[in-house]
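J.: Input: one structure, supplied below.
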Amino acid sequence: MTEKTSVTVRIAGEEHTIRASAQPDYTRKCAKLVDDRIHEIRLAAGVVDGQKAAILAALSIADEYFQAHEELERAQVELAARVEALAAHVEGALPLP
(Lines give C-alpha, C1' and ligand atoms only; values in the text may rest on other atoms or scores of the structure.)
Protein backbone atom coordinates (compact mmCIF):
# COMPACT_ATOMS: atom_id res chain seq x y z
CA MET A 1 0.00 0.00 0.00
CA THR A 2 1.32 3.44 -0.92
CA GLU A 3 1.78 5.85 1.95
CA LYS A 4 -0.40 8.95 1.79
CA THR A 5 0.83 12.36 2.79
CA SER A 6 -1.13 15.48 3.60
CA VAL A 7 -0.42 18.70 1.75
CA THR A 8 -2.10 22.04 2.33
CA VAL A 9 -2.73 24.01 -0.86
CA ARG A 10 -4.52 27.25 -1.68
CA ILE A 11 -7.09 27.15 -4.48
CA ALA A 12 -9.29 30.14 -5.31
CA GLY A 13 -8.27 31.84 -2.08
CA GLU A 14 -9.20 28.90 0.14
CA GLU A 15 -6.88 26.48 1.89
CA HIS A 16 -7.46 22.78 1.32
CA THR A 17 -5.65 19.86 2.89
CA ILE A 18 -5.18 17.08 0.37
CA ARG A 19 -4.25 13.52 1.34
CA ALA A 20 -2.67 11.76 -1.60
CA SER A 21 -0.19 9.03 -2.41
CA ALA A 22 1.49 11.38 -4.91
CA GLN A 23 4.59 13.34 -4.01
CA PRO A 24 3.74 16.62 -2.22
CA ASP A 25 5.35 18.71 -4.98
CA TYR A 26 3.17 16.98 -7.56
CA THR A 27 0.04 17.65 -5.52
CA ARG A 28 1.06 21.32 -5.23
CA LYS A 29 1.67 21.43 -9.00
CA CYS A 30 -1.83 20.05 -9.66
CA ALA A 31 -3.39 22.51 -7.23
CA LYS A 32 -1.54 25.39 -8.88
CA LEU A 33 -2.88 24.37 -12.29
CA VAL A 34 -6.44 24.40 -10.94
CA ASP A 35 -5.90 27.68 -9.09
CA ASP A 36 -4.33 29.33 -12.14
CA ARG A 37 -7.18 28.17 -14.40
CA ILE A 38 -9.81 29.50 -11.98
CA HIS A 39 -7.92 32.80 -11.87
CA GLU A 40 -7.78 32.98 -15.70
CA ILE A 41 -11.52 32.30 -15.94
CA ARG A 42 -12.35 34.94 -13.37
CA LEU A 43 -10.19 37.48 -15.21
CA ALA A 44 -11.76 36.65 -18.58
CA ALA A 45 -15.37 36.41 -17.40
CA GLY A 46 -15.38 39.06 -14.70
CA VAL A 47 -17.08 38.32 -11.42
CA VAL A 48 -17.90 34.62 -11.44
CA ASP A 49 -19.33 32.62 -8.56
CA GLY A 50 -16.67 30.37 -7.00
CA GLN A 51 -18.46 27.13 -7.81
CA LYS A 52 -19.13 28.20 -11.40
CA ALA A 53 -15.48 29.21 -11.84
CA ALA A 54 -14.38 25.82 -10.48
CA ILE A 55 -16.73 24.00 -12.88
CA LEU A 56 -15.52 26.07 -15.84
CA ALA A 57 -11.91 25.40 -14.81
CA ALA A 58 -12.61 21.65 -14.59
CA LEU A 59 -14.24 21.69 -18.04
CA SER A 60 -11.30 23.62 -19.47
CA ILE A 61 -8.78 21.18 -17.99
CA ALA A 62 -10.86 18.19 -19.18
CA ASP A 63 -10.95 19.66 -22.70
CA GLU A 64 -7.19 20.14 -22.64
CA TYR A 65 -6.74 16.55 -21.43
CA PHE A 66 -8.95 15.07 -24.17
CA GLN A 67 -7.25 17.11 -26.88
CA ALA A 68 -3.83 15.97 -25.65
CA HIS A 69 -5.05 12.36 -25.49
CA GLU A 70 -6.32 12.51 -29.09
CA GLU A 71 -3.03 14.07 -30.22
CA LEU A 72 -1.10 11.28 -28.48
CA GLU A 73 -3.24 8.62 -30.18
CA ARG A 74 -2.64 10.24 -33.60
CA ALA A 75 1.10 10.37 -32.91
CA GLN A 76 1.12 6.69 -31.88
CA VAL A 77 -0.69 5.68 -35.09
CA GLU A 78 1.73 7.76 -37.17
CA LEU A 79 4.74 6.30 -35.35
CA ALA A 80 3.47 2.73 -35.86
CA ALA A 81 3.03 3.41 -39.59
CA ARG A 82 6.55 4.85 -39.84
CA VAL A 83 8.04 1.88 -37.98
CA GLU A 84 6.21 -0.51 -40.31
CA ALA A 85 7.42 1.39 -43.40
CA LEU A 86 10.98 1.50 -42.08
CA ALA A 87 10.94 -2.23 -41.30
CA ALA A 88 9.68 -2.97 -44.83
CA HIS A 89 12.42 -0.74 -46.28
CA VAL A 90 15.13 -2.46 -44.21
CA GLU A 91 13.83 -5.91 -45.12
CA GLY A 92 13.81 -4.90 -48.80
CA ALA A 93 17.41 -3.74 -48.59
CA LEU A 94 18.70 -6.91 -46.93
CA PRO A 95 19.75 -9.86 -49.07
CA LEU A 96 17.42 -12.84 -48.94
CA PRO A 97 18.73 -15.83 -46.94
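Each chain of the C-alpha coordinates is named A, B, ... in the order shown, its residues numbered from 1; ligands are numbered from 1 in display order.
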Quick one: residues within 9 Å of Ala22 of chain A, only C-alpha atoms, excluding same-chain residues fewer than 6 positions away - as a list of chain:residue names?

T.: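 Neighbouring residues, sequence-local ones excluded: A:Thr2, A:Glu3, A:Lys4, A:Thr5.
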
J.: Write the selection just made, keeping N, CA and C atoms, as a CSV table (one decimal), in the first residue's frame?

T.:
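Below is the file that was written, part.csv:
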```csv
chain,number,residue,atom,x,y,z
A,2,THR,N,0.5,2.2,-0.8
A,2,THR,CA,1.3,3.4,-0.9
A,2,THR,C,1.0,4.4,0.2
A,3,GLU,N,2.0,4.9,0.8
A,3,GLU,CA,1.8,5.9,1.9
A,3,GLU,C,1.2,7.2,1.5
A,4,LYS,N,0.2,7.7,2.1
A,4,LYS,CA,-0.4,8.9,1.8
A,4,LYS,C,0.2,10.1,2.7
A,5,THR,N,0.4,11.2,2.0
A,5,THR,CA,0.8,12.4,2.8
A,5,THR,C,-0.2,13.5,2.6
```

J.: What lies within 8 Å of segment 54-71 of chain A using only C-alpha atoms, ignoring chain neighbours under 4 positions off, as a list in words?

T.: Val34, Arg37, Ile38, Ile41, Gly50 and Ala75 of chain A

J.: May I have the selected residues written with N, CA and C atoms, as a short mmCIF file (atom, residue, chain, number, x, y, z; two decimals), in the first residue's frame?

T.:
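Dumped everything to selection_30.cif:
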```cif
data_model
loop_
_atom_site.label_atom_id
_atom_site.label_comp_id
_atom_site.auth_asym_id
_atom_site.auth_seq_id
_atom_site.Cartn_x
_atom_site.Cartn_y
_atom_site.Cartn_z
N VAL A 34 -5.02 24.12 -11.18
CA VAL A 34 -6.44 24.40 -10.94
C VAL A 34 -6.61 25.86 -10.51
N ARG A 37 -6.08 28.21 -13.43
CA ARG A 37 -7.18 28.17 -14.40
C ARG A 37 -8.41 28.92 -13.87
N ILE A 38 -8.70 28.76 -12.59
CA ILE A 38 -9.81 29.50 -11.98
C ILE A 38 -9.54 31.00 -12.07
N ILE A 41 -10.09 32.23 -15.63
CA ILE A 41 -11.52 32.30 -15.94
C ILE A 41 -12.15 33.51 -15.29
N GLY A 50 -17.76 31.31 -7.23
CA GLY A 50 -16.67 30.37 -7.00
C GLY A 50 -16.93 28.98 -7.54
N ALA A 75 -0.35 10.52 -32.83
CA ALA A 75 1.10 10.37 -32.91
C ALA A 75 1.50 8.90 -32.83
#
```

J.: Which one of A:Arg74, A:Arg19, A:Arg10, A:His89 sits closest to Leu33 of chain A if you count only C-alpha atoms?

T.: A:Arg10

J.: Could you find all residues in segment 1-58 of chain A that DSSP calls strand (DSSP E or B) from the backbone, and write them as a VMD selection string?

T.: chain A and resid 5 to 11 14 to 20

J.: Go ahead and dump the residues you just picked, N, CA and C atoms, as a PDB file, in the first residue's frame.

T.:
```pdb
ATOM      1  N   THR A   5       0.362  11.199   2.043  1.00  0.00           N
ATOM      2  CA  THR A   5       0.830  12.357   2.787  1.00  0.00           C
ATOM      3  C   THR A   5      -0.194  13.475   2.643  1.00  0.00           C
ATOM      4  N   SER A   6      -0.221  14.338   3.629  1.00  0.00           N
ATOM      5  CA  SER A   6      -1.132  15.481   3.602  1.00  0.00           C
ATOM      6  C   SER A   6      -0.367  16.714   3.152  1.00  0.00           C
ATOM      7  N   VAL A   7      -1.006  17.468   2.257  1.00  0.00           N
ATOM      8  CA  VAL A   7      -0.416  18.703   1.747  1.00  0.00           C
ATOM      9  C   VAL A   7      -1.506  19.774   1.802  1.00  0.00           C
ATOM     10  N   THR A   8      -1.157  20.933   2.316  1.00  0.00           N
ATOM     11  CA  THR A   8      -2.099  22.042   2.327  1.00  0.00           C
ATOM     12  C   THR A   8      -1.810  22.925   1.128  1.00  0.00           C
ATOM     13  N   VAL A   9      -2.861  23.186   0.337  1.00  0.00           N
ATOM     14  CA  VAL A   9      -2.734  24.010  -0.862  1.00  0.00           C
ATOM     15  C   VAL A   9      -3.781  25.117  -0.804  1.00  0.00           C
ATOM     16  N   ARG A  10      -3.558  26.152  -1.596  1.00  0.00           N
ATOM     17  CA  ARG A  10      -4.521  27.248  -1.682  1.00  0.00           C
ATOM     18  C   ARG A  10      -5.076  27.258  -3.096  1.00  0.00           C
ATOM     19  N   ILE A  11      -6.399  27.114  -3.204  1.00  0.00           N
ATOM     20  CA  ILE A  11      -7.093  27.147  -4.485  1.00  0.00           C
ATOM     21  C   ILE A  11      -8.227  28.148  -4.362  1.00  0.00           C
ATOM     22  N   GLU A  14      -8.865  29.749  -1.005  1.00  0.00           N
ATOM     23  CA  GLU A  14      -9.202  28.902   0.142  1.00  0.00           C
ATOM     24  C   GLU A  14      -8.138  27.834   0.332  1.00  0.00           C
ATOM     25  N   GLU A  15      -7.838  27.540   1.591  1.00  0.00           N
ATOM     26  CA  GLU A  15      -6.875  26.477   1.886  1.00  0.00           C
ATOM     27  C   GLU A  15      -7.586  25.135   1.926  1.00  0.00           C
ATOM     28  N   HIS A  16      -6.929  24.149   1.334  1.00  0.00           N
ATOM     29  CA  HIS A  16      -7.455  22.783   1.317  1.00  0.00           C
ATOM     30  C   HIS A  16      -6.325  21.843   1.695  1.00  0.00           C
ATOM     31  N   THR A  17      -6.621  20.886   2.559  1.00  0.00           N
ATOM     32  CA  THR A  17      -5.646  19.863   2.894  1.00  0.00           C
ATOM     33  C   THR A  17      -5.977  18.632   2.066  1.00  0.00           C
ATOM     34  N   ILE A  18      -5.004  18.212   1.284  1.00  0.00           N
ATOM     35  CA  ILE A  18      -5.179  17.085   0.365  1.00  0.00           C
ATOM     36  C   ILE A  18      -4.345  15.918   0.869  1.00  0.00           C
ATOM     37  N   ARG A  19      -4.981  14.757   1.022  1.00  0.00           N
ATOM     38  CA  ARG A  19      -4.251  13.525   1.341  1.00  0.00           C
ATOM     39  C   ARG A  19      -4.129  12.732   0.062  1.00  0.00           C
ATOM     40  N   ALA A  20      -2.884  12.465  -0.336  1.00  0.00           N
ATOM     41  CA  ALA A  20      -2.667  11.763  -1.599  1.00  0.00           C
ATOM     42  C   ALA A  20      -1.428  10.903  -1.501  1.00  0.00           C
TER      43      ALA A  20
END
```

J.: What separation in Å, quoted to one decimal, exists between atom CA of Arg82 of chain A and atom CA of Pro97 of chain A?

T.: 25.0 Å

J.: Take atom CA of Pro24 of chain A and atom CA of His39 of chain A and report the distance between them in Å, one decimal.

T.: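 Between atom CA of Pro24 of chain A and atom CA of His39 of chain A the gap works out to 22.2 Å.
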